[in-house]
Amino acid sequence: MARGPKPPVEALEVAIGHIFVKRDLLKHALTHVSAIQKRTESYQRLEFLGDRVLGLAVAAMLYELFPASEEGDLSRRLAALVRKETCAEVARDWDVGPHLRLGAGESATGGRQKTAILGDACEAIIGAVYLDAGYEAARDLVVRSFSKRMAEPKRPLQDAKTSLQEWAQGRGLPAPVYREVGRSGPAHAPLFIIGVVVEGFELISATGASKRVAEQSVARAFLEREGVLPTAPLTEGLES
C-alpha cells in the first residue's frame, strides 16, 4: 500500500516541545539502521546517549517526588520508567512513527509501530535534544513526557530474571551473570545451585530442580535481599 507524504517535521517538534537549532540532529534521531549504509549514521549512537540522559533525569525526578521512598522502591520505579516499552509509549504520544526513516523492508513489516524501534527513537530524540540545547532542555523534555507516568500503577513484574535485568539496566550496570556453583541430590534428580553475579554486589545463590528454576529463584532472592521485591511468604512455591 502506498504511503502518503510524511507530516512536516515541525509537527514533531511541537509534539515534543522543542524546536531544534540543529535540525540534522532530529533527522539523525529518526533514522533507523535499515535506511542507511553505515550503522553510525543511524540513531544508535544518539540512543546510547539519550538512554543515559533519560536515566539521570528520571532518577532525579524520582528522588524529588518520592522523598519517603527507599532505594529499592526508587530503583523499581526507575526500571519501569526507562524500559523500552515505556519509551515506546512516549514515542507514540509524540506520534514519532510517521516521521521515522526506515528501509523498505522494515517499513513494509510494520516498523513504524514496533515497540523496539519506537523505544529506541524516543531515547535518540532525548539524546538529540541534549546535544542541541543541553541537559536542562533534555531534562525538561523528560519531565513533560514521563512525569505523568510516575504516579500510574507499576506494571506487574514479568518474572524474576527479567525484573533483575531491568533493575540492573536502570542502575547502568551490566546484565546479571548466572553461574552454576554446584549440584546436590541423586544423579536422576539433581538440585542445581546457581549463583548470580551483579557488578558491585555480593554473590547470592539458590537451588532448583532445573537450571531455569534455580536462575529464577536466585534472581528473586537477589531482588528480595536488595529490597526491590518484598520477601515472599515461606509457603510460596518456586516460579515455573
# chains A, B, ... in the order shown; residues from 1 in each chain; ligands from 1
>>> residues_around(residues="Pro7 of chain A", least_positions_apart="2", cutoff="8 Å", atoms="only C-alpha atoms", output="list in words")
Pro5, Val9, Ala11, Pro98 and His99 of chain A
>>> write_last_selection(atoms="N, CA and C atoms", output="PDB file, in the first residue's frame")
ATOM      1  N   PRO A   5       2.382  11.391   1.970  1.00  0.00           N
ATOM      2  CA  PRO A   5       3.561  12.158   2.321  1.00  0.00           C
ATOM      3  C   PRO A   5       3.744  12.222   3.838  1.00  0.00           C
ATOM      4  N   VAL A   9       8.169  17.896   9.763  1.00  0.00           N
ATOM      5  CA  VAL A   9       8.910  17.625  10.990  1.00  0.00           C
ATOM      6  C   VAL A   9       8.568  18.640  12.067  1.00  0.00           C
ATOM      7  N   ALA A  11       5.744  19.394  13.056  1.00  0.00           N
ATOM      8  CA  ALA A  11       4.684  18.812  13.878  1.00  0.00           C
ATOM      9  C   ALA A  11       5.280  17.986  15.009  1.00  0.00           C
ATOM     10  N   PRO A  98       5.238   8.108  11.974  1.00  0.00           N
ATOM     11  CA  PRO A  98       5.225   8.617  10.593  1.00  0.00           C
ATOM     12  C   PRO A  98       6.496   9.370  10.198  1.00  0.00           C
ATOM     13  N   HIS A  99       7.268   9.808  11.169  1.00  0.00           N
ATOM     14  CA  HIS A  99       8.473  10.593  10.877  1.00  0.00           C
ATOM     15  C   HIS A  99       9.727   9.731  10.727  1.00  0.00           C
TER      16      HIS A  99
END
>>> select_by_dssp(residues="segment 29-197 of chain A", states="strand (DSSP E)", output="PyMOL selection string")
chain A and resi 177-184+191-197
>>> residues_around(residues="segment 121-134 of chain A", least_positions_apart="3", cutoff="6 Å", atoms="only C-alpha atoms", output="list in words")
Leu25, Ala29, Tyr43, Leu46, Glu47, Leu49, Gly50, Asp51, Cys87, Ala91, Leu118, Ala137 and Ala138 of chain A
>>> residues_around(residues="segment 218-220 of chain A", least_positions_apart="6", cutoff="6 Å", atoms="only C-alpha atoms", output="list in words")
Ala160, Lys161, Ser205 and Ala206 of chain A
>>> write_last_selection(atoms="C-alpha atoms", output="short mmCIF file (atom, residue, chain, number, x, y, z; two decimals), in the first residue's frame")
data_model
loop_
_atom_site.label_atom_id
_atom_site.label_comp_id
_atom_site.auth_asym_id
_atom_site.auth_seq_id
_atom_site.Cartn_x
_atom_site.Cartn_y
_atom_site.Cartn_z
CA ALA A 160 12.33 -12.52 38.48
CA LYS A 161 15.10 -12.74 35.86
CA SER A 205 22.90 -18.42 45.22
CA ALA A 206 19.76 -20.56 45.23
#
>>> select_by_dssp(residues="segment 8-189 of chain A", states="helix (DSSP H, G or I)", output="count of residues only")
123
>>> closest_residue(among="A:Lys148, A:Phe201, A:Asp159, A:Gly170", to="Val213 of chain A", atoms="only C-alpha atoms")
A:Asp159
